[in-house]
Amino acid sequence: MIQEPFKPAARVAGQKQDVWTIVNEAAAASPIQPIVNMGQGFYGYNPPAFVLDAAKQALEKVDCNQYSPTKGRPRLKKAIAAAYSPFFGREIDPEKEVTITTGANEGMLSAFMAFLEAGDEVILFEPFFDQYISNIEMPGGKVVYVPLHPPKDGATKTTSASEWTLDMSELEKAVTDKTRMIVLNSPHNPIGKVFSKQELQAISDICVKHNILILSDEVYDRLYYVPFTRIATLSPEVARLTLTVGSGGKNFYCTGWRVGWLIGPEHLIKYVSAAHTRICYSSVSPLQEATAIGFEKADEEGFWEESKRAMKGKMDRFNQVWDELGLPYSDPEGGYFVLANLSKVQLPADYPFPAHVASRPRDFKLSWFLIKELGVAAIPPTEFFTDANAHIVEDWLRFAVCKNDEVLEDAKERLRGLRKYIRE
Ligand SMILES: Cc1ncc(COP(=O)(O)O)c(C=O)c1O
């Protein structure tokens, strides 16, 4: 007889309480309500009307309420191929080179499931989007970390996200004969770095030399404020190795829709689709239809330009508060997250942090303090680092600016309350 019927599998046992739970629970319990939640990267407003209307209309169509083909609705694959062919400089085949997934996240899980055998290594840059880890470990992959180095004077002055740098010799040293894949994220969460063409060239040279598959997470691909290069476009040799990941949720302000996709050569996409079929068979149908219509109409609506302009406006509007307070931040080149450096904020020595926060690095305490005392929630970024390197960001907090302007103004007003805790 089984002795411990409720014992969880190792892949879910022993996980620390995740940062989203800690921050969301603290936010719900804060004495200051409603809280201004700039923690998790969800939008504080709706998709544009042409996308929302498309979703409502899709719900009226019989076939949209039934299973989609496992590789995705033909209309969406076609719309994505049409939208991305100009960026890739070649005709993308919608039937063979695009596959639709349940958000970018399940798309990446499918890619790891498709190519990793137990013990295969995957290189990740620190900081990393936390979901990569379990997605790699579930099929038995081993994560190998290579750090992005922070700006040297990031604690004393505002720097650019471009100043977070990758040491290419460290990257090459991390390659072993077990290295199967590398994950790249540009524009980057949480740093907001957009990898330059030169950096991508150097990374891809290593991948081509060692035949390493590149999983390029480009979910923030419509939000860049400096020139943006897609690694798959560097050369046919790189394209051969690259899967590019996209997210309808990030593109059209609807992270709850869970529509994502991968674009890549047929010899890679067919196995990603095979894994996706086994994981969840197919993805939510009516919202695929709406995402397709979103892509079809986005250009004529001027949506992409407007989306970028609006987000950059929000970023600049919010960051004024750091300039006012004299607190440095890492100015993002893309995406909707900003890292602010709070090393000058002195937390009261006798502040009663609960045990699960007291035992974590200083950024968890800063996050807790801001939630309880000011009513603003932000994410402690040590969660995106291994324990060994967490110290790099323990004075920083990550704020998501994808919120209404009034919410950003409210957050700024609350954050002015930090003034009395700032020591030069
Ligand atoms: C870097 C990065 N990749 C992937 C995702 C997940 O995207 P999706 O919501 O489409 O699964 C996120 C969401 O926060 C992200 O920040």
# chains A, B, ... in the order shown; residues from 1 in each chain; ligands from 1
$ residues_around --residues "Leu268 of chain A" --least-positions-apart "4" --cutoff "10 Å" --atoms "only C-alpha atoms" --output "list in words"
Lys96, Glu97, Ala111, Ala114, Phe115, Leu213, Arg240, Leu241, Thr242, Leu243, Leu262, Ile263, Gly264, Val272 and Ser273 of chain A
$ residues_around --residues "Ile203 of chain A" --least-positions-apart "6" --cutoff "12 Å" --atoms "only C-alpha atoms" --output "list in words"
Ile123, Phe125, Leu166, Asp167, Met168, Ser169, Glu170, Leu171, Glu172, Val175, Ile182, Val183, Leu184, Phe195, Ser196, Lys197, Lys209, His210, Asn211, Ile212, Leu213, Ile214, Ser216, Ile231, Ala232, Leu234 and Val238 of chain A
$ residues_near_ligand --ligand "ligand 1" --cutoff "8 Å" --atoms "only C-alpha atoms and all ligand atoms" --output "number ranges by chain"
A: 40-42, 102-107, 128-129, 131, 185-190, 217-220, 246-250, 255-256, 258-260
$ write_last_selection --atoms "C-alpha atoms" --output "tab-separated table (two decimals), in the first residue's frame"
chain	number	residue	atom	x	y	z
A	40	GLN	CA	2.57	41.72	-11.73
A	41	GLY	CA	2.75	42.71	-15.40
A	42	PHE	CA	-0.93	42.82	-16.21
A	102	THR	CA	-1.71	28.78	-24.71
A	103	GLY	CA	0.21	31.95	-24.04
A	104	ALA	CA	3.91	32.34	-24.66
A	105	ASN	CA	4.51	30.42	-21.47
A	106	GLU	CA	2.97	27.15	-22.61
A	107	GLY	CA	4.67	27.72	-25.97
A	128	PHE	CA	15.38	35.53	-15.88
A	129	PHE	CA	11.61	35.33	-16.18
A	131	GLN	CA	8.65	30.49	-15.35
A	185	ASN	CA	14.66	37.58	-23.85
A	186	SER	CA	14.58	40.91	-25.66
A	187	PRO	CA	13.05	43.36	-24.77
A	188	HIS	CA	13.93	41.97	-21.38
A	189	ASN	CA	11.85	41.38	-18.27
A	190	PRO	CA	12.72	42.73	-15.69
A	217	ASP	CA	11.36	35.19	-26.05
A	218	GLU	CA	10.17	38.35	-27.81
A	219	VAL	CA	6.84	38.81	-26.04
A	220	TYR	CA	7.47	42.57	-25.67
A	246	GLY	CA	5.26	35.87	-29.17
A	247	SER	CA	2.30	36.72	-26.96
A	248	GLY	CA	-1.12	38.04	-27.94
A	249	GLY	CA	-1.64	39.00	-24.29
A	250	LYS	CA	1.35	41.34	-24.30
A	255	THR	CA	-2.72	38.74	-20.70
A	256	GLY	CA	-5.70	36.70	-19.51
A	258	ARG	CA	-3.63	33.08	-23.05
A	259	VAL	CA	-2.88	33.22	-26.75
A	260	GLY	CA	0.76	32.84	-27.76
$ residues_around --residues "Leu415 of chain A" --least-positions-apart "3" --cutoff "9 Å" --atoms "only C-alpha atoms" --output "list in words"
Val321, Trp322, Leu325, Leu370, Leu374, Gly375, Val376, Asp410, Ala411, Lys412, Leu418 and Arg419 of chain A
$ write_last_selection --atoms "N, CA and C atoms" --output "PDB file, in the first residue's frame"
ATOM      1  N   VAL A 321       8.935  60.482 -10.818  1.00  0.00           N
ATOM      2  CA  VAL A 321       8.918  60.476  -9.353  1.00  0.00           C
ATOM      3  C   VAL A 321      10.295  60.112  -8.789  1.00  0.00           C
ATOM      4  N   TRP A 322      11.040  59.264  -9.527  1.00  0.00           N
ATOM      5  CA  TRP A 322      12.388  58.904  -9.043  1.00  0.00           C
ATOM      6  C   TRP A 322      13.311  60.113  -9.183  1.00  0.00           C
ATOM      7  N   LEU A 325      12.572  62.348  -6.328  1.00  0.00           N
ATOM      8  CA  LEU A 325      13.041  61.838  -5.036  1.00  0.00           C
ATOM      9  C   LEU A 325      14.562  61.689  -4.986  1.00  0.00           C
ATOM     10  N   LEU A 370       6.681  49.031   1.278  1.00  0.00           N
ATOM     11  CA  LEU A 370       5.937  49.906   0.364  1.00  0.00           C
ATOM     12  C   LEU A 370       4.457  49.533   0.332  1.00  0.00           C
ATOM     13  N   LEU A 374       2.878  52.547   2.229  1.00  0.00           N
ATOM     14  CA  LEU A 374       2.521  53.519   1.189  1.00  0.00           C
ATOM     15  C   LEU A 374       1.361  53.050   0.326  1.00  0.00           C
ATOM     16  N   GLY A 375       1.070  51.747   0.349  1.00  0.00           N
ATOM     17  CA  GLY A 375      -0.034  51.247  -0.483  1.00  0.00           C
ATOM     18  C   GLY A 375       0.350  51.117  -1.949  1.00  0.00           C
ATOM     19  N   VAL A 376       1.632  50.810  -2.216  1.00  0.00           N
ATOM     20  CA  VAL A 376       2.082  50.577  -3.597  1.00  0.00           C
ATOM     21  C   VAL A 376       2.770  49.210  -3.647  1.00  0.00           C
ATOM     22  N   ASP A 410      -1.349  58.412  -8.970  1.00  0.00           N
ATOM     23  CA  ASP A 410      -1.642  58.022  -7.584  1.00  0.00           C
ATOM     24  C   ASP A 410      -0.411  57.336  -6.968  1.00  0.00           C
ATOM     25  N   ALA A 411       0.205  56.443  -7.762  1.00  0.00           N
ATOM     26  CA  ALA A 411       1.402  55.756  -7.278  1.00  0.00           C
ATOM     27  C   ALA A 411       2.505  56.755  -6.965  1.00  0.00           C
ATOM     28  N   LYS A 412       2.670  57.747  -7.845  1.00  0.00           N
ATOM     29  CA  LYS A 412       3.727  58.737  -7.634  1.00  0.00           C
ATOM     30  C   LYS A 412       3.471  59.505  -6.337  1.00  0.00           C
ATOM     31  N   LEU A 418       8.058  58.313   0.480  1.00  0.00           N
ATOM     32  CA  LEU A 418       9.373  57.719   0.783  1.00  0.00           C
ATOM     33  C   LEU A 418      10.369  58.767   1.262  1.00  0.00           C
ATOM     34  N   ARG A 419      10.051  60.029   0.941  1.00  0.00           N
ATOM     35  CA  ARG A 419      11.011  61.109   1.193  1.00  0.00           C
ATOM     36  C   ARG A 419      11.576  61.046   2.614  1.00  0.00           C
TER      37      ARG A 419
END
$ select_by_dssp --residues "segment 308-415 of chain A" --states "alpha helix (DSSP H)" --output "PyMOL selection string"
chain A and resi 308-325+355-358+362-369+405-415
$ closest_residue --among "A:Ile269, A:Tyr67, A:Lys312, A:Glu237" --to "Asp405 of chain A" --atoms "only C-alpha atoms"
A:Lys312
$ residues_around --residues "Phe252 of chain A" --least-positions-apart "3" --cutoff "12 Å" --atoms "only C-alpha atoms" --output "ChimeraX atom specification"
/A:42-43,45-52,55,219-223,246-249,255-260,287-288,290-295,297-298,303-304,306-308,402
$ atom_distance --atom1 "atom CA of Val144 of chain A" --atom2 "atom CA of Lys173 of chain A"
10.8 Å
$ atom_distance --atom1 "atom CA of Ala58 of chain A" --atom2 "atom CA of Arg75 of chain A"
12.3 Å
$ select_by_dssp --residues "segment 81-154 of chain A" --states "strand (DSSP E or B)" --output "ChimeraX atom specification"
/A:98-101,121-126,142-149
$ write_last_selection --atoms "C-alpha atoms" --output "compact mmCIF listing (two decimals), in the first residue's frame"
# COMPACT_ATOMS: atom_id res chain seq x y z
CA VAL A 98 3.88 29.03 -37.05
CA THR A 99 2.22 27.22 -34.18
CA ILE A 100 -0.27 28.66 -31.69
CA THR A 101 0.06 28.00 -27.98
CA GLU A 121 21.48 21.79 -20.38
CA VAL A 122 19.78 25.09 -21.14
CA ILE A 123 21.62 28.40 -20.72
CA LEU A 124 19.66 31.25 -19.16
CA PHE A 125 20.76 34.78 -18.46
CA GLU A 126 20.23 36.11 -14.95
CA LYS A 142 19.26 21.42 -16.26
CA VAL A 143 19.52 25.20 -16.07
CA VAL A 144 22.95 26.78 -16.47
CA TYR A 145 23.06 30.45 -15.47
CA VAL A 146 25.10 33.24 -16.98
CA PRO A 147 24.73 36.63 -15.29
CA LEU A 148 23.96 39.94 -16.89
CA HIS A 149 26.20 42.42 -15.08
$ residues_around --residues "Ser68 of chain A" --least-positions-apart "4" --cutoff "6 Å" --atoms "only C-alpha atoms" --output "list in words"
Gly72, Arg73, Ser282 and Ser285 of chain A
$ write_last_selection --atoms "N, CA and C atoms" --output "mmCIF file, in the first residue's frame"
data_model
loop_
_atom_site.group_PDB
_atom_site.id
_atom_site.type_symbol
_atom_site.label_atom_id
_atom_site.label_comp_id
_atom_site.auth_asym_id
_atom_site.auth_seq_id
_atom_site.Cartn_x
_atom_site.Cartn_y
_atom_site.Cartn_z
ATOM 1 N N GLY A 72 -3.404 25.494 -34.110
ATOM 2 C CA GLY A 72 -3.960 26.840 -34.080
ATOM 3 C C GLY A 72 -4.941 27.096 -35.207
ATOM 4 N N ARG A 73 -5.758 28.134 -35.037
ATOM 5 C CA ARG A 73 -6.742 28.473 -36.074
ATOM 6 C C ARG A 73 -6.007 28.983 -37.315
ATOM 7 N N SER A 282 -5.230 21.920 -27.698
ATOM 8 C CA SER A 282 -5.313 23.149 -28.501
ATOM 9 C C SER A 282 -5.585 24.317 -27.556
ATOM 10 N N SER A 285 -10.220 28.978 -28.423
ATOM 11 C CA SER A 285 -10.592 29.238 -29.817
ATOM 12 C C SER A 285 -11.063 30.672 -30.127
#
$ closest_residue --among "A:Glu324, A:Asp387, A:Asp331, A:Glu163" --to "Arg416 of chain A" --atoms "only C-alpha atoms"
A:Glu324
$ closest_residue --among "A:Pro348, A:Gly192, A:Pro8, A:Pro381" --to "Ser160 of chain A" --atoms "only C-alpha atoms"
A:Gly192
$ residues_around --residues "Ala349 of chain A" --least-positions-apart "2" --cutoff "12 Å" --atoms "only C-alpha atoms" --output "PyMOL selection string"
chain A and resi 345-347+351-353+358+365+421
$ write_last_selection --atoms "N, CA and C atoms" --output "compact mmCIF listing (two decimals), in the first residue's frame"
# COMPACT_ATOMS: atom_id res chain seq x y z
N VAL A 345 16.94 54.30 0.62
CA VAL A 345 15.78 54.23 1.52
C VAL A 345 16.17 53.43 2.76
N GLN A 346 16.05 54.08 3.91
CA GLN A 346 16.42 53.40 5.15
C GLN A 346 15.15 52.85 5.82
N LEU A 347 15.07 51.55 5.94
CA LEU A 347 13.90 50.94 6.57
C LEU A 347 14.05 51.04 8.09
N TYR A 351 11.25 47.50 12.34
CA TYR A 351 10.00 47.26 11.59
C TYR A 351 9.60 45.78 11.69
N PRO A 352 8.32 45.50 11.99
CA PRO A 352 7.92 44.10 12.22
C PRO A 352 7.63 43.33 10.92
N PHE A 353 8.69 42.83 10.27
CA PHE A 353 8.47 42.02 9.07
C PHE A 353 8.06 40.61 9.48
N ALA A 358 11.15 38.43 6.47
CA ALA A 358 12.41 38.72 7.18
C ALA A 358 13.54 37.81 6.71
N LYS A 365 11.85 43.03 1.75
CA LYS A 365 11.47 43.92 2.86
C LYS A 365 11.01 45.27 2.30
N TYR A 421 12.15 58.69 4.46
CA TYR A 421 13.03 57.53 4.76
C TYR A 421 14.33 57.59 3.97
$ atom_distance --atom1 "atom CA of Pro69 of chain A" --atom2 "atom CA of Ser110 of chain A"
16.1 Å
$ closest_residue --among "A:Asp395, A:Ala310, A:Pro74, A:Glu373" --to "Arg414 of chain A" --atoms "only C-alpha atoms"
A:Glu373
$ decode --residues "segment 263-293 of chain A" --atoms "N, CA and C atoms" --output "PDB file, in the first residue's frame"
ATOM      1  N   ILE A 263       7.290  31.001 -33.860  1.00  0.00           N
ATOM      2  CA  ILE A 263       7.612  31.073 -35.279  1.00  0.00           C
ATOM      3  C   ILE A 263       9.006  30.467 -35.438  1.00  0.00           C
ATOM      4  N   GLY A 264       9.184  29.644 -36.448  1.00  0.00           N
ATOM      5  CA  GLY A 264      10.511  29.063 -36.662  1.00  0.00           C
ATOM      6  C   GLY A 264      10.478  28.128 -37.847  1.00  0.00           C
ATOM      7  N   PRO A 265      11.641  27.531 -38.165  1.00  0.00           N
ATOM      8  CA  PRO A 265      11.681  26.626 -39.319  1.00  0.00           C
ATOM      9  C   PRO A 265      10.856  25.365 -39.053  1.00  0.00           C
ATOM     10  N   GLU A 266      10.398  24.772 -40.135  1.00  0.00           N
ATOM     11  CA  GLU A 266       9.524  23.598 -40.023  1.00  0.00           C
ATOM     12  C   GLU A 266      10.158  22.484 -39.173  1.00  0.00           C
ATOM     13  N   HIS A 267      11.497  22.298 -39.324  1.00  0.00           N
ATOM     14  CA  HIS A 267      12.147  21.180 -38.605  1.00  0.00           C
ATOM     15  C   HIS A 267      12.129  21.389 -37.084  1.00  0.00           C
ATOM     16  N   LEU A 268      11.823  22.602 -36.626  1.00  0.00           N
ATOM     17  CA  LEU A 268      11.671  22.828 -35.179  1.00  0.00           C
ATOM     18  C   LEU A 268      10.196  22.906 -34.800  1.00  0.00           C
ATOM     19  N   ILE A 269       9.439  23.672 -35.576  1.00  0.00           N
ATOM     20  CA  ILE A 269       8.029  23.926 -35.226  1.00  0.00           C
ATOM     21  C   ILE A 269       7.230  22.624 -35.132  1.00  0.00           C
ATOM     22  N   LYS A 270       7.522  21.666 -36.004  1.00  0.00           N
ATOM     23  CA  LYS A 270       6.668  20.464 -35.988  1.00  0.00           C
ATOM     24  C   LYS A 270       6.773  19.719 -34.659  1.00  0.00           C
ATOM     25  N   TYR A 271       7.938  19.785 -34.011  1.00  0.00           N
ATOM     26  CA  TYR A 271       8.061  19.084 -32.723  1.00  0.00           C
ATOM     27  C   TYR A 271       7.456  19.906 -31.573  1.00  0.00           C
ATOM     28  N   VAL A 272       7.529  21.217 -31.702  1.00  0.00           N
ATOM     29  CA  VAL A 272       6.865  22.061 -30.689  1.00  0.00           C
ATOM     30  C   VAL A 272       5.355  21.784 -30.738  1.00  0.00           C
ATOM     31  N   SER A 273       4.810  21.720 -31.949  1.00  0.00           N
ATOM     32  CA  SER A 273       3.373  21.428 -32.095  1.00  0.00           C
ATOM     33  C   SER A 273       3.045  20.055 -31.512  1.00  0.00           C
ATOM     34  N   ALA A 274       3.932  19.109 -31.730  1.00  0.00           N
ATOM     35  CA  ALA A 274       3.667  17.749 -31.216  1.00  0.00           C
ATOM     36  C   ALA A 274       3.598  17.775 -29.691  1.00  0.00           C
ATOM     37  N   ALA A 275       4.507  18.523 -29.060  1.00  0.00           N
ATOM     38  CA  ALA A 275       4.487  18.596 -27.586  1.00  0.00           C
ATOM     39  C   ALA A 275       3.238  19.337 -27.118  1.00  0.00           C
ATOM     40  N   HIS A 276       2.916  20.426 -27.793  1.00  0.00           N
ATOM     41  CA  HIS A 276       1.734  21.218 -27.425  1.00  0.00           C
ATOM     42  C   HIS A 276       0.469  20.353 -27.497  1.00  0.00           C
ATOM     43  N   THR A 277       0.384  19.496 -28.509  1.00  0.00           N
ATOM     44  CA  THR A 277      -0.781  18.609 -28.649  1.00  0.00           C
ATOM     45  C   THR A 277      -0.926  17.729 -27.415  1.00  0.00           C
ATOM     46  N   ARG A 278       0.218  17.260 -26.911  1.00  0.00           N
ATOM     47  CA  ARG A 278       0.166  16.371 -25.742  1.00  0.00           C
ATOM     48  C   ARG A 278      -0.128  17.148 -24.465  1.00  0.00           C
ATOM     49  N   ILE A 279       0.309  18.383 -24.387  1.00  0.00           N
ATOM     50  CA  ILE A 279       0.136  19.153 -23.144  1.00  0.00           C
ATOM     51  C   ILE A 279      -1.310  19.637 -23.004  1.00  0.00           C
ATOM     52  N   CYS A 280      -1.834  20.284 -24.046  1.00  0.00           N
ATOM     53  CA  CYS A 280      -3.177  20.851 -23.857  1.00  0.00           C
ATOM     54  C   CYS A 280      -4.053  20.734 -25.104  1.00  0.00           C
ATOM     55  N   TYR A 281      -3.617  19.951 -26.049  1.00  0.00           N
ATOM     56  CA  TYR A 281      -4.306  19.700 -27.306  1.00  0.00           C
ATOM     57  C   TYR A 281      -4.430  20.962 -28.164  1.00  0.00           C
ATOM     58  N   SER A 282      -5.230  21.920 -27.698  1.00  0.00           N
ATOM     59  CA  SER A 282      -5.313  23.149 -28.501  1.00  0.00           C
ATOM     60  C   SER A 282      -5.585  24.317 -27.556  1.00  0.00           C
ATOM     61  N   SER A 283      -5.542  25.530 -28.111  1.00  0.00           N
ATOM     62  CA  SER A 283      -5.673  26.723 -27.260  1.00  0.00           C
ATOM     63  C   SER A 283      -7.016  27.398 -27.505  1.00  0.00           C
ATOM     64  N   VAL A 284      -7.339  28.304 -26.602  1.00  0.00           N
ATOM     65  CA  VAL A 284      -8.690  28.869 -26.544  1.00  0.00           C
ATOM     66  C   VAL A 284      -9.113  29.493 -27.899  1.00  0.00           C
ATOM     67  N   SER A 285     -10.220  28.978 -28.423  1.00  0.00           N
ATOM     68  CA  SER A 285     -10.592  29.238 -29.817  1.00  0.00           C
ATOM     69  C   SER A 285     -11.063  30.672 -30.127  1.00  0.00           C
ATOM     70  N   PRO A 286     -12.091  31.184 -29.434  1.00  0.00           N
ATOM     71  CA  PRO A 286     -12.602  32.496 -29.846  1.00  0.00           C
ATOM     72  C   PRO A 286     -11.558  33.595 -29.707  1.00  0.00           C
ATOM     73  N   LEU A 287     -10.670  33.436 -28.739  1.00  0.00           N
ATOM     74  CA  LEU A 287      -9.677  34.490 -28.528  1.00  0.00           C
ATOM     75  C   LEU A 287      -8.535  34.391 -29.538  1.00  0.00           C
ATOM     76  N   GLN A 288      -8.356  33.213 -30.118  1.00  0.00           N
ATOM     77  CA  GLN A 288      -7.434  33.111 -31.263  1.00  0.00           C
ATOM     78  C   GLN A 288      -8.008  33.895 -32.441  1.00  0.00           C
ATOM     79  N   GLU A 289      -9.310  33.732 -32.634  1.00  0.00           N
ATOM     80  CA  GLU A 289      -9.968  34.446 -33.742  1.00  0.00           C
ATOM     81  C   GLU A 289      -9.817  35.961 -33.549  1.00  0.00           C
ATOM     82  N   ALA A 290     -10.054  36.405 -32.308  1.00  0.00           N
ATOM     83  CA  ALA A 290      -9.960  37.844 -32.022  1.00  0.00           C
ATOM     84  C   ALA A 290      -8.525  38.332 -32.214  1.00  0.00           C
ATOM     85  N   THR A 291      -7.559  37.514 -31.816  1.00  0.00           N
ATOM     86  CA  THR A 291      -6.149  37.907 -31.983  1.00  0.00           C
ATOM     87  C   THR A 291      -5.819  38.005 -33.473  1.00  0.00           C
ATOM     88  N   ALA A 292      -6.375  37.078 -34.259  1.00  0.00           N
ATOM     89  CA  ALA A 292      -6.158  37.124 -35.719  1.00  0.00           C
ATOM     90  C   ALA A 292      -6.670  38.446 -36.274  1.00  0.00           C
ATOM     91  N   ILE A 293      -7.867  38.819 -35.857  1.00  0.00           N
ATOM     92  CA  ILE A 293      -8.458  40.069 -36.366  1.00  0.00           C
ATOM     93  C   ILE A 293      -7.640  41.264 -35.871  1.00  0.00           C
TER      94      ILE A 293
END
